[in-house]
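Asker: Attaching a single structure in structure tokens format; questions to follow.
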Amino acid sequence: MNKDELDKIKEKLTYFVLNAIKTECEPDDNRIKEIISDIVSEELGEFNLPLEQKIQMAGNIFNSLRRLDCIEPLMEDPSVTEIMVNGPKNIFYEKNGRLYQSELKFRDSESLQTIISCFFANRNRPLNEANPISDLRLPDGSRANAVLPPIAPDGPILTVRKFTGISHDIVTMIRSGFISEEAARFLSECVKNKKTIFLCGGTGSGKTTFLNTLSSFIPQDERVITIEDSAELNLQGIKNLVRMEARLPGPDGNGEINIGDMIKAALRMRPDRIIVGEVRGKESADMMHALNTGHPGSMCTGHANSCFEMLERLTGMVIAGSSLPYEAVISQISMGIDLIIHITRSREGKRYIDEISSVLPNNGLEYKLKNLYVNRGGDTLERKATIEELKKIAEYCG
């Protein structure tokens with residue numbers, strides 16, 4: 001039996017399964033598997049198919065109804081870190097930091113749209129013509145983003161950033177060339193001594209991964225509050241940990257809880273440190289207010305091409321969320337942030353820190369940065385400050 005014949009049988013059986021599900025009241029995955037198994041056994045009895053092929057057929061039907069159909073093998077492959085579906089026929093994935101094109105294909109745009117919509121609907125995320133763009137966090141911590149036509153004229157788009165569950169400790173990062181041993185020791189002292197650190201870089205550069213790693217140096221007796229759009233942080237060894245995640249508005253447009261709201265709430269929770277997964281808008285003003293009101297040692301991430309550009313972007317975001325004059329915003333940012341770390345990803349897929357800078361007191365309307373470590377495409381970070389300067393910066397003077 002060829003592939004086209006098997007696809008037609010699968011389509012027919014899927015129709016039978018959907019009709020059977022209609023009679024059930026919100027069946028869970030196990031119940032759906034039972035229904036699929038019964039229908040496959042009954043309907044395929046007339047075909048002389050081996051047991052392995054029947055099991056595969058049942059799995060394919062389940063994946064099309066509750067999972068992501070043909071790309072489910074990529075979802076189950078732990079070495080695949082990101083999946084990119086650009087329409088039904090163009091599927092790419094990231095493995096070991098490099099992109100590859102997959103031979104997997106969906107039948108057509110309509111079936112792909114149905115699969116994506118059902119996948120999001122099963123997790124109470126509306127995705128339709130009225131809401132053609134949606135984000136989703138999966139139970140294992142992975143993130144999914146979908147865009148439907150007409151916003152995507154070449155067919156539905158799905159991007160899944162997988163949570164691999166692999167914990168990257170600082171030793172592993174040193175061995176991989178992500179950071180030098182000297183810089184790692186310096187940053188560990190800065191975290192212990194409650195220096196406020198801002199991580200920046202492009203999408204997928206490793207900001208969240210390194211933020212998790214830095215958090216391992218936080219003393220265990222501190223109270224830490226994490227705030228994220230989509231919960232990705234996995235802080236280890238902190239007993240007094242409070243996690244908060246943003247909430248999207250409901251169908252009526254009400255009920256939204258954004259990062260700014262959570263930062264304001266966190267200030268009433270007696271935090272020793274506040275860790276914000278990412279700032280990208282007006283909530284930056286609330287974050288800077290928190291950094292300047294007795295919460296040293298906090299950490300945050302943002303998107304930028306360099307440490308200096310991060311300060312410029314942050315200035316614009318804070319101005320958009322506050323009524324402070326330009327000079328006051330620059331002073332507040334200069335006082336609130338101690339260190340900025342820029343992380344990059346090379347064309348070959350290698351991730352590494354290329355700049356660690358100290359934020360000095362501002363000079364009027366200008367920021368002042370001091371490069372402590374720089375890597376301009378080389379193998380390791382090059383120290384740009386003396387040992388005495390590094391020790392002075394790492395010290396905490398209350």
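Labels for the structure tokens follow display order: chains A, B, ..., residues from 1 in each chain, ligands from 1.
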At a cut-off of 10 Å, using only C-alpha atoms, what residues contact A:Val171? Leave out same-chain residues fewer than 4 positions from it and give the result as a count of residues only.
Answerer: 7
Asker: Would you kindly return, as a PyMOL selection string, each protein, DNA or RNA residue with an atom no farther than 6 Å from any atom of stretch 296-300 of chain A, considering only C-alpha atoms and excluding same-chain residues fewer than 2 positions away?
Answerer: chain A and resi 194-198+273-277
Asker: Show me, as a Markdown table, the residues of stretch 120-166 of chain A having an atom within 6 Å of stretch 76-89 of chain A, each with the closest atom pair and its distance in Å, using only C-alpha atoms.
Answerer:
| residue | atom | partner | partner_atom | distance |
| --- | --- | --- | --- | --- |
| A:Gly155 | CA | A:Gly87 | CA | 4.3 |
| A:Pro156 | CA | A:Gly87 | CA | 5.2 |
| A:Ile157 | CA | A:Asn86 | CA | 5.0 |
| A:Leu158 | CA | A:Val85 | CA | 4.9 |
| A:Thr159 | CA | A:Met84 | CA | 4.6 |
| A:Val160 | CA | A:Ile83 | CA | 5.1 |
| A:Arg161 | CA | A:Glu82 | CA | 4.6 |
| A:Lys162 | CA | A:Thr81 | CA | 5.2 |
Asker: With distances taken over only C-alpha atoms, which residue among A:Lys54, A:Lys95, A:Lys10, A:Arg247 lies nearest A:Ser37?
Answerer: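 Of the candidates, the smallest distance to A:Ser37 is held by A:Lys54.
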Asker: As a list of chain:residue names, please: the residues near A:Tyr367 (cut-off 8 Å, only C-alpha atoms, same-chain neighbours under 5 positions excluded).
Answerer: A:Leu311, A:Ile330, A:Ser334, A:Val359, A:Leu360, A:Pro361, A:Asn362
Asker: Pick out the closest residue to A:Leu314 from this set: A:Lys239, A:Lys12, A:Arg280, A:His168. Count only C-alpha atoms.
Answerer: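 When distances to A:Leu314 are compared using only C-alpha atoms, the smallest one comes from A:Arg280.
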Asker: Show me, as a PyMOL selection string, the residues that have an atom within 10 Å of A:Ile259 when counting only C-alpha atoms, minus same-chain residues fewer than 4 positions from it.
Answerer: chain A and resi 227-229+244-247+263-265+276-284+286-287
Asker: Tell me, which residues of stretch 69-186 of chain A carry DSSP helix (DSSP H, G or I), written as a ChimeraX atom specification?
Answerer: /A:69-76,109-121,170-176,181-186
Asker: DSSP on the backbone, then: every residue of stretch 64-111 of chain A marked strand (DSSP E or B), written as a VMD selection string.
Answerer: chain A and resid 80 to 86 91 to 95 98 to 101
Asker: If we count only C-alpha atoms, what is near A:Ala58 at a cut-off of 12 Å, once residues fewer than 6 positions away on the same chain are taken out, given as number ranges by chain?
Answerer: A: 6, 9-11, 13-14, 17, 32-44, 51-52, 64-65, 69
Asker: What's the separation between atom CA of A:Ser230 and atom CA of A:Cys200, in Å to one decimal place?
Answerer: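 That distance, rounded to one decimal, is 17.6 Å.
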Asker: Please compute the atom CA of A:Tyr93-atom CA of A:Ala146 distance, one decimal, in Å.
Answerer: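 Separation of atom CA of A:Tyr93 and atom CA of A:Ala146: 15.6 Å.
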Asker: Report the distance between atom CA of A:Asp272 and atom CA of A:Leu199 in Å, rounded to one decimal place.
Answerer: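 According to the coordinates, atom CA of A:Asp272 and atom CA of A:Leu199 are separated by 19.2 Å.
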Asker: Give me, as an NGL selection string, all polymer residues having an atom no more than 12 Å from A:Arg376, counting only C-alpha atoms and skipping those fewer than 3 positions away in the same chain.
Answerer: :A and (306 or 342-344 or 346 or 352-356 or 373 or 379-383)
Asker: A:Gly255, A:Gly294, A:Gly177, A:Gly59: which is nearest A:Leu267, counting only C-alpha atoms?
Answerer: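 Looking only at the distances to A:Leu267, the closest residue turns out to be A:Gly294.
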Asker: Looking at only C-alpha atoms, which of A:Ile341, A:Phe186, A:Thr293, A:Gly377 is the one that sits closest to A:Glu389?
Answerer: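 Selected residue with least distance to A:Glu389: A:Phe186.
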Asker: Skipping near chain neighbours, those fewer than 2 positions away, what residues fall within 10 Å of A:Ile115 using only C-alpha atoms, listed as a PyMOL selection string?
Answerer: chain A and resi 63-69+106+109-113+117-121
Asker: Next, dump the selected residues to file, keeping only N, CA, C and O atoms, as a PDB file, in the first residue's frame.
Answerer:
ATOM      1  N   ASN A  63      -1.459  12.367  16.625  1.00  0.00           N
ATOM      2  CA  ASN A  63      -0.624  13.545  16.437  1.00  0.00           C
ATOM      3  C   ASN A  63      -1.340  14.627  15.634  1.00  0.00           C
ATOM      4  O   ASN A  63      -1.154  15.828  15.871  1.00  0.00           O
ATOM      5  N   SER A  64      -2.158  14.227  14.674  1.00  0.00           N
ATOM      6  CA  SER A  64      -2.877  15.213  13.856  1.00  0.00           C
ATOM      7  C   SER A  64      -3.993  15.890  14.641  1.00  0.00           C
ATOM      8  O   SER A  64      -4.375  17.020  14.334  1.00  0.00           O
ATOM      9  N   LEU A  65      -4.524  15.198  15.665  1.00  0.00           N
ATOM     10  CA  LEU A  65      -5.633  15.753  16.438  1.00  0.00           C
ATOM     11  C   LEU A  65      -5.170  16.513  17.676  1.00  0.00           C
ATOM     12  O   LEU A  65      -5.751  17.543  18.028  1.00  0.00           O
ATOM     13  N   ARG A  66      -4.135  16.030  18.336  1.00  0.00           N
ATOM     14  CA  ARG A  66      -3.729  16.621  19.625  1.00  0.00           C
ATOM     15  C   ARG A  66      -2.297  17.136  19.645  1.00  0.00           C
ATOM     16  O   ARG A  66      -1.906  17.797  20.595  1.00  0.00           O
ATOM     17  N   ARG A  67      -1.525  16.817  18.636  1.00  0.00           N
ATOM     18  CA  ARG A  67      -0.141  17.260  18.599  1.00  0.00           C
ATOM     19  C   ARG A  67       0.091  18.059  17.323  1.00  0.00           C
ATOM     20  O   ARG A  67      -0.802  18.768  16.864  1.00  0.00           O
ATOM     21  N   LEU A  68       1.259  17.979  16.747  1.00  0.00           N
ATOM     22  CA  LEU A  68       1.605  18.788  15.577  1.00  0.00           C
ATOM     23  C   LEU A  68       1.873  17.932  14.350  1.00  0.00           C
ATOM     24  O   LEU A  68       2.742  18.226  13.533  1.00  0.00           O
ATOM     25  N   ASP A  69       1.138  16.834  14.253  1.00  0.00           N
ATOM     26  CA  ASP A  69       1.102  16.007  13.059  1.00  0.00           C
ATOM     27  C   ASP A  69       2.496  15.557  12.621  1.00  0.00           C
ATOM     28  O   ASP A  69       3.240  14.984  13.406  1.00  0.00           O
ATOM     29  N   PHE A 106       3.554  19.059   5.290  1.00  0.00           N
ATOM     30  CA  PHE A 106       2.128  18.922   5.534  1.00  0.00           C
ATOM     31  C   PHE A 106       1.412  18.775   4.190  1.00  0.00           C
ATOM     32  O   PHE A 106       1.946  19.149   3.141  1.00  0.00           O
ATOM     33  N   SER A 109      -2.041  23.897   2.936  1.00  0.00           N
ATOM     34  CA  SER A 109      -2.181  24.999   3.887  1.00  0.00           C
ATOM     35  C   SER A 109      -3.398  24.830   4.782  1.00  0.00           C
ATOM     36  O   SER A 109      -3.363  25.167   5.977  1.00  0.00           O
ATOM     37  N   GLU A 110      -4.502  24.300   4.217  1.00  0.00           N
ATOM     38  CA  GLU A 110      -5.726  24.145   4.998  1.00  0.00           C
ATOM     39  C   GLU A 110      -5.533  23.153   6.137  1.00  0.00           C
ATOM     40  O   GLU A 110      -5.942  23.419   7.276  1.00  0.00           O
ATOM     41  N   SER A 111      -4.908  22.023   5.839  1.00  0.00           N
ATOM     42  CA  SER A 111      -4.693  21.033   6.897  1.00  0.00           C
ATOM     43  C   SER A 111      -3.711  21.550   7.943  1.00  0.00           C
ATOM     44  O   SER A 111      -3.892  21.312   9.142  1.00  0.00           O
ATOM     45  N   LEU A 112      -2.680  22.281   7.503  1.00  0.00           N
ATOM     46  CA  LEU A 112      -1.725  22.856   8.451  1.00  0.00           C
ATOM     47  C   LEU A 112      -2.421  23.853   9.366  1.00  0.00           C
ATOM     48  O   LEU A 112      -2.199  23.855  10.582  1.00  0.00           O
ATOM     49  N   GLN A 113      -3.286  24.692   8.791  1.00  0.00           N
ATOM     50  CA  GLN A 113      -4.000  25.677   9.606  1.00  0.00           C
ATOM     51  C   GLN A 113      -4.923  24.998  10.606  1.00  0.00           C
ATOM     52  O   GLN A 113      -5.016  25.420  11.768  1.00  0.00           O
ATOM     53  N   SER A 117      -4.452  25.414  14.618  1.00  0.00           N
ATOM     54  CA  SER A 117      -5.583  25.992  15.353  1.00  0.00           C
ATOM     55  C   SER A 117      -6.067  25.050  16.448  1.00  0.00           C
ATOM     56  O   SER A 117      -6.350  25.477  17.578  1.00  0.00           O
ATOM     57  N   CYS A 118      -6.161  23.752  16.126  1.00  0.00           N
ATOM     58  CA  CYS A 118      -6.586  22.771  17.131  1.00  0.00           C
ATOM     59  C   CYS A 118      -5.566  22.652  18.249  1.00  0.00           C
ATOM     60  O   CYS A 118      -5.920  22.534  19.428  1.00  0.00           O
ATOM     61  N   PHE A 119      -4.286  22.698  17.877  1.00  0.00           N
ATOM     62  CA  PHE A 119      -3.220  22.589  18.872  1.00  0.00           C
ATOM     63  C   PHE A 119      -3.303  23.732  19.880  1.00  0.00           C
ATOM     64  O   PHE A 119      -3.174  23.520  21.090  1.00  0.00           O
ATOM     65  N   PHE A 120      -3.547  24.941  19.401  1.00  0.00           N
ATOM     66  CA  PHE A 120      -3.662  26.098  20.289  1.00  0.00           C
ATOM     67  C   PHE A 120      -4.990  26.066  21.054  1.00  0.00           C
ATOM     68  O   PHE A 120      -5.037  26.416  22.238  1.00  0.00           O
ATOM     69  N   ALA A 121      -6.072  25.654  20.375  1.00  0.00           N
ATOM     70  CA  ALA A 121      -7.379  25.612  21.037  1.00  0.00           C
ATOM     71  C   ALA A 121      -7.394  24.612  22.185  1.00  0.00           C
ATOM     72  O   ALA A 121      -8.032  24.850  23.221  1.00  0.00           O
TER      73      ALA A 121
END
Asker: Which residue out of A:Ile21, A:Ala285, A:Leu291, A:Ala266 has the minimum interatomic distance to A:Gly316 when only C-alpha atoms are used?
Answerer: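 The closest residue to A:Gly316 is A:Ala285.
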